[in-house]
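> My structure file data.tsv, TSV, C-alpha atoms and all ligand atoms, is below:
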```
chain	number	residue	atom	x	y	z
X	146	MET	CA	-14.80	-8.56	14.66
X	147	ASN	CA	-18.13	-6.77	14.89
X	148	LYS	CA	-21.29	-8.69	14.03
X	149	ASP	CA	-21.38	-7.18	10.52
X	150	PHE	CA	-18.89	-6.28	7.79
X	151	ILE	CA	-20.17	-2.95	6.52
X	152	SER	CA	-17.30	-0.47	6.53
X	153	ILE	CA	-13.53	-0.67	6.94
X	154	HIS	CA	-13.87	2.38	9.17
X	155	ASP	CA	-15.51	0.09	11.78
X	156	LEU	CA	-12.48	-2.25	11.90
X	157	LYS	CA	-9.55	-2.02	14.27
X	158	PHE	CA	-6.03	-2.31	12.82
X	159	ALA	CA	-5.61	-5.71	14.48
X	160	GLU	CA	-8.82	-6.96	12.86
X	161	ILE	CA	-7.67	-5.88	9.40
X	162	GLU	CA	-4.38	-7.60	10.06
X	163	GLU	CA	-6.19	-10.76	11.13
X	164	ILE	CA	-8.11	-10.75	7.84
X	165	MET	CA	-4.87	-10.30	5.88
X	166	VAL	CA	-3.07	-13.13	7.73
X	167	LEU	CA	-5.98	-15.53	7.26
X	168	THR	CA	-6.25	-14.51	3.58
X	169	THR	CA	-2.62	-15.51	3.03
X	170	ASP	CA	-3.27	-18.85	4.73
X	171	LEU	CA	-6.46	-19.55	2.79
X	172	LYS	CA	-4.89	-18.56	-0.53
X	173	GLN	CA	-2.00	-20.94	0.13
X	174	LYS	CA	-4.37	-23.76	1.09
X	175	GLN	CA	-6.40	-23.15	-2.05
X	176	LYS	CA	-3.28	-23.23	-4.25
X	177	ASN	CA	-2.09	-26.44	-2.52
X	178	ASN	CA	-5.49	-28.09	-2.87
X	179	GLU	CA	-5.63	-28.44	0.92
X	180	LYS	CA	-9.06	-28.81	2.48
X	181	HIS	CA	-10.21	-25.79	4.49
X	182	GLU	CA	-13.86	-26.39	5.20
X	183	TYR	CA	-14.07	-23.98	8.11
X	184	LEU	CA	-17.71	-23.19	7.38
X	185	TRP	CA	-19.04	-26.71	6.98
X	186	ALA	CA	-22.87	-26.67	6.62
X	187	LYS	CA	-23.06	-22.89	7.07
X	188	SER	CA	-25.13	-20.90	4.64
X	189	MET	CA	-25.44	-17.38	3.26
X	190	ALA	CA	-28.27	-15.59	1.48
X	191	MET	CA	-27.09	-13.04	-1.09
X	192	ILE	CA	-29.23	-10.11	-2.25
X	193	PHE	CA	-28.12	-8.36	-5.43
X	194	GLU	CA	-29.98	-5.20	-6.47
X	195	LYS	CA	-27.24	-4.31	-8.96
X	196	PRO	CA	-25.32	-6.40	-11.50
X	197	SER	CA	-22.17	-8.26	-10.47
X	198	THR	CA	-19.62	-10.72	-11.82
X	199	ARG	CA	-16.69	-10.76	-9.39
X	200	THR	CA	-18.60	-10.31	-6.13
X	201	ARG	CA	-21.30	-12.82	-6.86
X	202	VAL	CA	-19.09	-15.56	-8.24
X	203	SER	CA	-16.27	-15.15	-5.70
X	204	PHE	CA	-18.64	-15.25	-2.73
X	205	GLU	CA	-20.60	-18.21	-4.10
X	206	ILE	CA	-17.51	-20.26	-4.93
X	207	GLY	CA	-15.72	-19.09	-1.77
X	208	MET	CA	-18.55	-20.26	0.45
X	209	TRP	CA	-18.59	-23.62	-1.35
X	210	GLN	CA	-14.83	-24.04	-0.90
X	211	LEU	CA	-15.32	-23.41	2.82
X	212	GLY	CA	-17.84	-26.23	2.97
X	213	GLY	CA	-20.90	-24.02	3.03
X	214	LEU	CA	-23.63	-22.86	0.68
X	215	ALA	CA	-24.44	-19.44	-0.77
X	216	ILE	CA	-27.71	-18.79	-2.51
X	217	ASN	CA	-28.46	-15.89	-4.74
X	218	LEU	CA	-31.63	-13.81	-4.39
X	219	ASP	CA	-32.35	-11.33	-7.13
X	220	GLN	CA	-34.17	-8.14	-6.24
X	221	GLU	CA	-36.90	-9.11	-8.71
X	222	ALA	CA	-37.59	-12.27	-6.72
X	223	ILE	CA	-37.64	-10.88	-3.18
X	224	GLY	CA	-38.54	-7.21	-3.76
X	225	LEU	CA	-36.62	-5.93	-0.76
X	226	GLY	CA	-38.52	-2.91	0.60
X	227	GLU	CA	-41.29	-3.35	-1.97
X	228	ARG	CA	-42.79	-6.82	-1.74
X	229	GLU	CA	-41.73	-6.94	1.90
X	230	SER	CA	-40.07	-4.53	4.33
X	231	VAL	CA	-36.31	-4.64	4.82
X	232	ALA	CA	-36.87	-5.48	8.50
X	233	ASP	CA	-39.11	-8.48	7.75
X	234	VAL	CA	-36.75	-9.82	5.07
X	235	ALA	CA	-33.84	-9.47	7.53
X	236	ARG	CA	-35.72	-11.28	10.32
X	237	THR	CA	-36.87	-14.05	7.97
X	238	LEU	CA	-33.55	-14.67	6.22
X	239	SER	CA	-31.68	-14.74	9.50
X	240	ARG	CA	-33.85	-17.69	10.60
X	241	PHE	CA	-32.63	-19.69	7.57
X	242	ALA	CA	-29.13	-18.50	6.78
X	243	ASP	CA	-26.00	-17.93	8.88
X	244	ALA	CA	-25.14	-14.71	7.03
X	245	ILE	CA	-26.76	-12.21	4.68
X	246	LEU	CA	-24.92	-10.36	1.91
X	247	ILE	CA	-26.30	-7.33	0.14
X	248	ARG	CA	-25.36	-5.23	-2.89
X	249	THR	CA	-27.68	-2.25	-3.10
X	250	PHE	CA	-28.01	1.44	-3.90
X	251	SER	CA	-28.81	3.09	-0.59
X	252	HIS	CA	-26.27	2.56	2.17
X	253	ASP	CA	-29.08	3.04	4.71
X	254	LYS	CA	-30.65	-0.18	3.43
X	255	VAL	CA	-27.48	-2.07	4.41
X	256	ILE	CA	-27.61	-0.52	7.87
X	257	GLU	CA	-31.31	-1.33	8.25
X	258	LEU	CA	-30.80	-4.92	7.14
X	259	ALA	CA	-28.01	-5.31	9.70
X	260	LYS	CA	-30.14	-3.76	12.43
X	261	TYR	CA	-32.91	-6.33	12.02
X	262	SER	CA	-30.78	-9.36	11.14
X	263	ASP	CA	-29.63	-11.66	13.94
X	264	GLN	CA	-26.90	-12.91	11.61
X	265	PRO	CA	-23.86	-11.09	10.19
X	266	VAL	CA	-24.54	-8.78	7.25
X	267	ILE	CA	-21.88	-8.19	4.58
X	268	ASN	CA	-21.85	-5.04	2.48
X	269	ALA	CA	-21.12	-6.19	-1.06
X	270	LEU	CA	-21.27	-2.60	-2.40
X	271	SER	CA	-23.56	0.32	-1.72
X	272	ASP	CA	-23.54	3.76	-3.33
X	273	ARG	CA	-21.31	4.81	-0.46
X	274	LEU	CA	-18.85	1.97	0.18
X	275	HIS	CA	-17.25	-1.17	-1.29
X	276	PRO	CA	-15.30	-2.63	1.65
X	277	CYS	CA	-14.70	-6.15	0.25
X	278	GLN	CA	-13.05	-4.57	-2.78
X	279	ALA	CA	-10.77	-2.35	-0.70
X	280	MET	CA	-9.71	-5.31	1.47
X	281	ALA	CA	-8.73	-7.25	-1.67
X	282	ASP	CA	-6.95	-4.15	-2.96
X	283	VAL	CA	-4.76	-3.62	0.09
X	284	PHE	CA	-4.01	-7.34	0.22
X	285	THR	CA	-2.91	-7.15	-3.44
X	286	ILE	CA	-0.74	-4.09	-2.79
X	287	GLN	CA	0.91	-5.90	0.13
X	288	GLU	CA	1.60	-8.94	-2.07
X	289	LYS	CA	3.12	-6.79	-4.81
X	290	LYS	CA	5.06	-4.31	-2.66
X	291	GLY	CA	5.92	-6.41	0.40
X	292	SER	CA	4.58	-3.84	2.86
X	293	LEU	CA	2.12	-0.98	2.95
X	294	LYS	CA	3.48	1.66	5.31
X	295	GLY	CA	4.60	4.86	3.60
X	296	LEU	CA	3.50	3.90	0.08
X	297	LYS	CA	1.88	6.53	-2.13
X	298	LEU	CA	-1.48	5.50	-3.60
X	299	ALA	CA	-2.83	7.85	-6.25
X	300	TYR	CA	-6.56	7.50	-6.90
X	301	ILE	CA	-7.54	9.27	-10.12
X	302	GLY	CA	-11.17	9.86	-11.09
X	303	ASP	CA	-14.52	9.79	-9.32
X	304	GLY	CA	-14.68	10.18	-5.53
X	305	ASN	CA	-17.05	7.21	-5.34
X	306	ASN	CA	-17.77	4.11	-3.21
X	307	VAL	CA	-14.47	2.45	-4.19
X	308	CYS	CA	-12.52	5.62	-3.42
X	309	HIS	CA	-14.26	5.94	-0.03
X	310	SER	CA	-13.41	2.40	1.10
X	311	LEU	CA	-9.84	2.79	-0.14
X	312	MET	CA	-9.52	5.97	1.93
X	313	PHE	CA	-10.58	4.09	5.06
X	314	ALA	CA	-8.19	1.23	4.33
X	315	ALA	CA	-5.28	3.55	3.54
X	316	ALA	CA	-5.85	5.63	6.67
X	317	LYS	CA	-5.88	2.53	8.91
X	318	LEU	CA	-2.93	0.78	7.25
X	319	GLY	CA	-0.42	3.60	6.83
X	320	ILE	CA	-0.74	4.19	3.07
X	321	ASN	CA	-0.50	7.82	1.97
X	322	MET	CA	-3.22	8.61	-0.51
X	323	VAL	CA	-3.58	11.39	-3.05
X	324	ILE	CA	-6.97	11.65	-4.70
X	325	ALA	CA	-7.46	13.64	-7.90
X	326	CYS	CA	-11.03	14.31	-9.01
X	327	PRO	CA	-12.74	16.89	-11.20
X	328	LYS	CA	-14.23	19.76	-9.16
X	329	GLY	CA	-17.56	18.68	-7.72
X	330	TYR	CA	-16.71	14.96	-7.89
X	331	GLU	CA	-14.56	14.76	-4.76
X	332	PRO	CA	-15.29	12.12	-2.10
X	333	ASN	CA	-18.24	12.61	0.25
X	334	GLU	CA	-17.53	15.12	3.04
X	335	GLU	CA	-18.69	12.86	5.86
X	336	ILE	CA	-16.41	10.05	4.67
X	337	VAL	CA	-13.52	12.48	4.29
X	338	LYS	CA	-13.98	13.63	7.90
X	339	LEU	CA	-13.94	10.07	9.21
X	340	ALA	CA	-10.96	9.04	7.09
X	341	PHE	CA	-9.01	12.16	8.08
X	342	ALA	CA	-9.64	11.38	11.75
X	343	ASP	CA	-8.28	7.83	11.25
X	344	ALA	CA	-5.33	9.21	9.28
X	345	LYS	CA	-4.47	11.61	12.07
X	346	VAL	CA	-4.10	8.67	14.46
X	347	THR	CA	-1.83	6.69	12.11
X	348	GLY	CA	0.09	9.69	10.74
X	349	VAL	CA	-1.12	9.03	7.20
X	350	GLU	CA	-1.39	11.86	4.69
X	351	ILE	CA	-4.53	12.04	2.56
X	352	ASP	CA	-4.74	14.83	0.00
X	353	ILE	CA	-7.68	15.64	-2.23
X	354	LEU	CA	-6.76	17.60	-5.37
X	355	ASN	CA	-8.12	18.40	-8.79
X	356	ASP	CA	-4.87	17.71	-10.66
X	357	PRO	CA	-4.11	14.14	-11.83
X	358	VAL	CA	-0.53	15.08	-12.76
X	359	VAL	CA	0.37	16.12	-9.22
X	360	ALA	CA	-1.38	13.04	-7.83
X	361	ALA	CA	0.44	10.60	-10.10
X	362	LYS	CA	3.92	11.98	-9.45
X	363	ASP	CA	6.16	9.33	-7.80
X	364	ALA	CA	3.18	7.12	-6.96
X	365	ASP	CA	3.68	3.46	-6.00
X	366	VAL	CA	0.13	2.62	-7.03
X	367	ILE	CA	-2.20	4.30	-9.50
X	368	TYR	CA	-5.86	3.35	-9.10
X	369	THR	CA	-8.90	4.31	-11.10
X	370	ASP	CA	-12.55	3.29	-11.42
X	371	VAL	CA	-15.38	3.96	-13.86
X	372	TRP	CA	-16.50	7.58	-14.31
X	373	ALA	CA	-20.18	6.63	-13.99
X	374	SER	CA	-21.01	4.01	-11.38
X	375	MET	CA	-23.97	1.64	-11.44
X	376	GLY	CA	-27.09	3.77	-11.16
X	377	GLN	CA	-25.43	6.80	-12.82
X	378	GLU	CA	-25.78	5.54	-16.39
X	379	LYS	CA	-27.82	8.60	-17.42
X	380	GLN	CA	-24.91	10.87	-16.47
X	381	ALA	CA	-22.35	8.84	-18.43
X	382	LYS	CA	-22.14	11.19	-21.45
X	383	LYS	CA	-21.85	14.32	-19.34
X	384	ARG	CA	-19.23	12.68	-17.12
X	385	GLN	CA	-17.17	11.58	-20.10
X	386	LYS	CA	-16.49	15.23	-20.92
X	387	ILE	CA	-15.92	16.33	-17.33
X	388	PHE	CA	-13.51	13.47	-16.57
X	389	SER	CA	-11.56	13.44	-19.86
X	390	LYS	CA	-8.41	14.95	-18.28
X	391	PHE	CA	-8.50	12.25	-15.61
X	392	GLN	CA	-7.78	9.30	-17.91
X	393	VAL	CA	-5.00	6.99	-16.75
X	394	ASN	CA	-2.77	6.61	-19.81
X	395	SER	CA	0.91	5.88	-20.36
X	396	LYS	CA	1.79	9.58	-20.04
X	397	LEU	CA	0.31	9.67	-16.57
X	398	MET	CA	1.86	6.30	-15.63
X	399	ASP	CA	5.28	7.69	-16.67
X	400	LEU	CA	5.05	10.29	-13.90
X	401	ALA	CA	4.83	7.57	-11.26
X	402	LYS	CA	7.67	5.41	-9.94
X	403	ALA	CA	9.15	2.99	-12.46
X	404	ASP	CA	7.74	0.03	-10.48
X	405	CYS	CA	4.30	1.60	-9.99
X	406	ILE	CA	1.40	-0.83	-10.33
X	407	PHE	CA	-1.92	-0.03	-11.98
X	408	MET	CA	-5.15	-1.06	-10.24
X	409	HIS	CA	-8.84	-1.03	-11.15
X	410	CYS	CA	-11.69	-2.80	-9.35
X	411	LEU	CA	-13.32	-3.73	-12.72
X	412	PRO	CA	-15.44	-3.70	-14.76
X	413	ALA	CA	-13.37	-1.20	-16.79
X	414	HIS	CA	-14.10	0.98	-19.77
X	415	ARG	CA	-11.02	1.00	-21.99
X	416	GLY	CA	-10.64	4.37	-23.71
X	417	ASP	CA	-12.43	6.22	-20.89
X	418	GLU	CA	-10.89	6.07	-17.41
X	419	VAL	CA	-7.95	3.94	-18.61
X	420	THR	CA	-6.31	3.23	-21.93
X	421	ALA	CA	-5.98	-0.36	-23.16
X	422	ASP	CA	-2.16	-0.23	-23.19
X	423	VAL	CA	-2.16	0.54	-19.43
X	424	ILE	CA	-4.80	-1.90	-18.21
X	425	ASP	CA	-3.50	-4.67	-20.46
X	426	GLY	CA	0.15	-3.70	-19.94
X	427	PRO	CA	2.91	-5.06	-17.67
X	428	GLN	CA	2.19	-2.72	-14.73
X	429	SER	CA	-1.45	-3.77	-14.45
X	430	VAL	CA	-2.42	-6.11	-11.60
X	431	VAL	CA	-6.18	-5.97	-12.13
X	432	PHE	CA	-6.74	-9.72	-12.40
X	433	ASP	CA	-4.65	-10.44	-9.29
X	434	GLN	CA	-6.91	-7.93	-7.58
X	435	ALA	CA	-9.97	-9.75	-8.91
X	436	GLU	CA	-8.61	-13.14	-7.77
X	437	ASN	CA	-7.86	-11.81	-4.31
X	438	ARG	CA	-11.54	-10.95	-3.85
X	439	LEU	CA	-12.06	-14.72	-3.46
X	440	HIS	CA	-9.35	-15.24	-0.85
X	441	VAL	CA	-10.01	-12.13	1.22
X	442	GLN	CA	-13.76	-12.71	1.31
X	443	LYS	CA	-13.24	-16.30	2.46
X	444	ALA	CA	-11.20	-14.89	5.35
X	445	ILE	CA	-13.91	-12.34	6.17
X	446	LEU	CA	-16.59	-15.05	6.10
X	447	THR	CA	-14.53	-17.39	8.28
X	448	LEU	CA	-13.91	-14.70	10.89
X	449	LEU	CA	-17.49	-13.38	10.87
X	450	LEU	CA	-19.00	-16.86	11.22
X	451	GLY	CA	-16.45	-18.08	13.76
X	452	GLY	CA	-15.36	-20.85	11.43
X	453	LYS	CA	-11.86	-21.59	12.67
X	454	ASN	CA	-12.93	-21.84	16.29
X	455	GLY	CA	-16.47	-23.08	15.85
Q	1	LIG	N1	-15.34	-5.17	-8.59
Q	1	LIG	C1	-16.55	-5.68	-8.46
Q	1	LIG	O1	-17.19	-5.57	-7.40
Q	1	LIG	O2	-17.00	-6.38	-9.53
Q	1	LIG	P1	-18.50	-6.86	-9.78
Q	1	LIG	O3	-19.33	-5.60	-9.90
Q	1	LIG	O4	-18.45	-7.62	-11.07
Q	1	LIG	O5	-18.95	-7.69	-8.63
Q	2	LIG	N1	-17.91	2.37	-8.58
Q	2	LIG	C1	-18.38	1.21	-9.28
Q	2	LIG	C2	-17.75	-0.03	-8.73
Q	2	LIG	C3	-18.13	-1.30	-9.42
Q	2	LIG	C4	-17.53	-2.52	-8.80
Q	2	LIG	C5	-19.89	1.13	-9.17
Q	2	LIG	O1	-20.43	1.37	-8.08
Q	2	LIG	O2	-20.54	0.84	-10.18
```
If you convert what's in this file into structure tokens, what do you get?
Ligand code: CP
Ligand code: NVA

Amino acid sequence: MNKDFISIHDLKFAEIEEIMVLTTDLKQKQKNNEKHEYLWAKSMAMIFEKPSTRTRVSFEIGMWQLGGLAINLDQEAIGLGERESVADVARTLSRFADAILIRTFSHDKVIELAKYSDQPVINALSDRLHPCQAMADVFTIQEKKGSLKGLKLAYIGDGNNVCHSLMFAAAKLGINMVIACPKGYEPNEEIVKLAFADAKVTGVEIDILNDPVVAAKDADVIYTDVWASMGQEKQAKKRQKIFSKFQVNSKLMDLAKADCIFMHCLPAHRGDEVTADVIDGPQSVVFDQAENRLHVQKAILTLLLGGKNG
């Protein structure tokens, strides 16, 4: 593994596989109440500049289950880049903690933090990427489907941070992905270029369309996310109109395979990007996805901090 966990694009196939194998092991240990304190006395400082439920709680509890400690630093308290420069915060925190986690707006801030930190930095969501989410997602798909190669993942909605990290994961792991977004809301061009390059190596097909019906057809997985991400609240009304044809409802689900699963990173807005009957229905695996954040992140932490060998 690299020093930091910032993007799935940076990971080799074998490293992703290592995370998945350790996740299975840690999940089993957790279910069996077996001790797995691989990070005894290790610590992590967590910076959240945006709200969070799943990320914050799963990392805090995960670190505790591994025998370590995670402390939460709100932006208000530390004023990253305002009260003190990103570089100085990175150099200070890395003298106290064994890892630093950050959820922020600008992806460049994550990169800068990692540059000046002597300790591993974990990207817990930026405007560009959400790699911990995508790792939990592919782990969940593997659990539900048995294997990943050749599956069709349809992502319907905004070409956002979640979509970007899923593209990287799909390209590396052999999942074909069809993305349907309204015109002008497709994934970022730079990310697309990188993901397409990875896909070329693995023989994966990634298509970007503007038609949710074509995307959903015969899909094994249908995935959606909010139409307005954190920081885009002012655009929410405008987006509601633009995205209305991209709602995942039972009509769209009916176009997919009969055993298609529905996924959403949460939080969700019922009645917007997904109807209640779909997200609360039998095909939905959203809470398994949420649970797997805990297990997969414990694996990432253990590997980054050298827990099993240290
Ligand atoms: N999916 C996700 O990252 O949830 P939170 O924003 O609640 O952490
Ligand atoms: N795209 C969403 C994901 C939330 C977990 C956001 O950035 O707000």
> Using only C-alpha atoms and all ligand atoms, find each residue of chain X with at least one atom at most 10 Å away from an atom of ligand LIG 2 (chain Q); report its shortest atom-to-atom pair and that distance in Å (one decimal), sort the rows by chain and rising residue number, and return the result as JSON lines.

```
{"residue": "X:Lys195", "atom": "CA", "partner": "Q:LIG2", "partner_atom": "O2", "distance": 8.5}
{"residue": "X:Pro196", "atom": "CA", "partner": "Q:LIG2", "partner_atom": "O2", "distance": 8.8}
{"residue": "X:Ser197", "atom": "CA", "partner": "Q:LIG2", "partner_atom": "C4", "distance": 7.6}
{"residue": "X:Thr198", "atom": "CA", "partner": "Q:LIG2", "partner_atom": "C4", "distance": 9.0}
{"residue": "X:Arg199", "atom": "CA", "partner": "Q:LIG2", "partner_atom": "C4", "distance": 8.3}
{"residue": "X:Thr200", "atom": "CA", "partner": "Q:LIG2", "partner_atom": "C4", "distance": 8.3}
{"residue": "X:Arg248", "atom": "CA", "partner": "Q:LIG2", "partner_atom": "O1", "distance": 9.7}
{"residue": "X:Thr249", "atom": "CA", "partner": "Q:LIG2", "partner_atom": "O1", "distance": 9.5}
{"residue": "X:Phe250", "atom": "CA", "partner": "Q:LIG2", "partner_atom": "O1", "distance": 8.7}
{"residue": "X:Ala269", "atom": "CA", "partner": "Q:LIG2", "partner_atom": "C4", "distance": 9.3}
{"residue": "X:Leu270", "atom": "CA", "partner": "Q:LIG2", "partner_atom": "O1", "distance": 7.0}
{"residue": "X:Ser271", "atom": "CA", "partner": "Q:LIG2", "partner_atom": "O1", "distance": 7.2}
{"residue": "X:Asp272", "atom": "CA", "partner": "Q:LIG2", "partner_atom": "O1", "distance": 6.2}
{"residue": "X:Arg273", "atom": "CA", "partner": "Q:LIG2", "partner_atom": "O1", "distance": 8.4}
{"residue": "X:Leu274", "atom": "CA", "partner": "Q:LIG2", "partner_atom": "O1", "distance": 8.4}
{"residue": "X:His275", "atom": "CA", "partner": "Q:LIG2", "partner_atom": "C2", "distance": 7.5}
{"residue": "X:Gln278", "atom": "CA", "partner": "Q:LIG2", "partner_atom": "C4", "distance": 7.8}
{"residue": "X:Asp303", "atom": "CA", "partner": "Q:LIG2", "partner_atom": "N1", "distance": 8.2}
{"residue": "X:Gly304", "atom": "CA", "partner": "Q:LIG2", "partner_atom": "N1", "distance": 9.0}
{"residue": "X:Asn305", "atom": "CA", "partner": "Q:LIG2", "partner_atom": "N1", "distance": 5.9}
{"residue": "X:Asn306", "atom": "CA", "partner": "Q:LIG2", "partner_atom": "N1", "distance": 5.6}
{"residue": "X:Val307", "atom": "CA", "partner": "Q:LIG2", "partner_atom": "N1", "distance": 5.6}
{"residue": "X:Cys308", "atom": "CA", "partner": "Q:LIG2", "partner_atom": "N1", "distance": 8.1}
{"residue": "X:His309", "atom": "CA", "partner": "Q:LIG2", "partner_atom": "N1", "distance": 10.0}
{"residue": "X:Thr369", "atom": "CA", "partner": "Q:LIG2", "partner_atom": "N1", "distance": 9.6}
{"residue": "X:Asp370", "atom": "CA", "partner": "Q:LIG2", "partner_atom": "N1", "distance": 6.1}
{"residue": "X:Val371", "atom": "CA", "partner": "Q:LIG2", "partner_atom": "N1", "distance": 6.1}
{"residue": "X:Trp372", "atom": "CA", "partner": "Q:LIG2", "partner_atom": "N1", "distance": 7.9}
{"residue": "X:Ala373", "atom": "CA", "partner": "Q:LIG2", "partner_atom": "O2", "distance": 6.9}
{"residue": "X:Ser374", "atom": "CA", "partner": "Q:LIG2", "partner_atom": "O2", "distance": 3.4}
{"residue": "X:Met375", "atom": "CA", "partner": "Q:LIG2", "partner_atom": "O2", "distance": 3.7}
{"residue": "X:Gly376", "atom": "CA", "partner": "Q:LIG2", "partner_atom": "O2", "distance": 7.2}
{"residue": "X:Gln377", "atom": "CA", "partner": "Q:LIG2", "partner_atom": "O2", "distance": 8.1}
{"residue": "X:Glu378", "atom": "CA", "partner": "Q:LIG2", "partner_atom": "O2", "distance": 9.4}
{"residue": "X:His409", "atom": "CA", "partner": "Q:LIG2", "partner_atom": "C4", "distance": 9.1}
{"residue": "X:Cys410", "atom": "CA", "partner": "Q:LIG2", "partner_atom": "C4", "distance": 5.9}
{"residue": "X:Leu411", "atom": "CA", "partner": "Q:LIG2", "partner_atom": "C4", "distance": 5.9}
{"residue": "X:Pro412", "atom": "CA", "partner": "Q:LIG2", "partner_atom": "C4", "distance": 6.4}
{"residue": "X:Ala413", "atom": "CA", "partner": "Q:LIG2", "partner_atom": "C3", "distance": 8.8}
```
> State, in Å with one decimal place, the distance from atom CA of X:Glu221 to atom CA of X:Glu205.
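If I compute the distance from atom CA of X:Glu221 to atom CA of X:Glu205, I get 19.2 Å.
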> Using only C-alpha atoms, which of X:Glu436, X:Glu331, X:Asn321, X:Leu448 sits nearest X:Lys176?
X:Glu436
> Might you pull out every residue within 12 Å of X:Cys277, with all atoms listed in the file counted and same-chain residues fewer than 6 positions away left off, and present them as a compact mmCIF listing (two decimals) with C-alpha atoms, in the frame of the given file?

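So part.txt came out as:
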```txt
# COMPACT_ATOMS: atom_id res chain seq x y z
CA PHE X 150 -18.89 -6.28 7.79
CA ILE X 151 -20.17 -2.95 6.52
CA SER X 152 -17.30 -0.47 6.53
CA ILE X 153 -13.53 -0.67 6.94
CA ILE X 161 -7.67 -5.88 9.40
CA ILE X 164 -8.11 -10.75 7.84
CA ARG X 199 -16.69 -10.76 -9.39
CA THR X 200 -18.60 -10.31 -6.13
CA ARG X 201 -21.30 -12.82 -6.86
CA SER X 203 -16.27 -15.15 -5.70
CA PHE X 204 -18.64 -15.25 -2.73
CA LEU X 246 -24.92 -10.36 1.91
CA ILE X 247 -26.30 -7.33 0.14
CA ARG X 248 -25.36 -5.23 -2.89
CA ILE X 267 -21.88 -8.19 4.58
CA ASN X 268 -21.85 -5.04 2.48
CA ALA X 269 -21.12 -6.19 -1.06
CA LEU X 270 -21.27 -2.60 -2.40
CA SER X 271 -23.56 0.32 -1.72
CA VAL X 283 -4.76 -3.62 0.09
CA PHE X 284 -4.01 -7.34 0.22
CA ASN X 306 -17.77 4.11 -3.21
CA VAL X 307 -14.47 2.45 -4.19
CA SER X 310 -13.41 2.40 1.10
CA LEU X 311 -9.84 2.79 -0.14
CA ALA X 314 -8.19 1.23 4.33
CA CYS X 410 -11.69 -2.80 -9.35
CA GLN X 434 -6.91 -7.93 -7.58
CA ALA X 435 -9.97 -9.75 -8.91
CA ASN X 437 -7.86 -11.81 -4.31
CA ARG X 438 -11.54 -10.95 -3.85
CA LEU X 439 -12.06 -14.72 -3.46
CA HIS X 440 -9.35 -15.24 -0.85
CA VAL X 441 -10.01 -12.13 1.22
CA GLN X 442 -13.76 -12.71 1.31
CA LYS X 443 -13.24 -16.30 2.46
CA ALA X 444 -11.20 -14.89 5.35
CA ILE X 445 -13.91 -12.34 6.17
CA LEU X 446 -16.59 -15.05 6.10
```
> Which one of X:Leu156, X:Ile406, X:Glu194, X:Gln175 sits closest to X:Gly224 if you count all atoms listed in the file?
X:Glu194
> Using all atoms listed in the file for the distances, tell me which of X:Pro427, X:Gly319, X:Gly212, X:Gly416 is nearest to X:Lys345.
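Using all atoms listed in the file, X:Lys345 sits closest to X:Gly319.
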> Nearest residue to ligand LIG 1 (chain Q) out of X:Pro276, X:Asp417, X:Asp365, X:Leu449, using all atoms listed in the file?
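Smallest separation from ligand LIG 1 (chain Q) among the options: X:Pro276.
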> What lies within 8 Å of X:Leu450 using only C-alpha atoms, ignoring chain neighbours under 2 positions off, as number ranges by chain?
X: 184, 243-244, 265, 446-448, 452
> Taking all atoms listed in the file into account, name the residue in X:Ala222, X:Leu296, X:Ile353, X:Met408 that is nearest to ligand LIG 1 (chain Q).
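With all atoms listed in the file as the atom set, the closest residue is X:Met408.
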> Atom CA of X:Ser389 and atom CA of X:Lys362 are how many Å apart?
18.7 Å
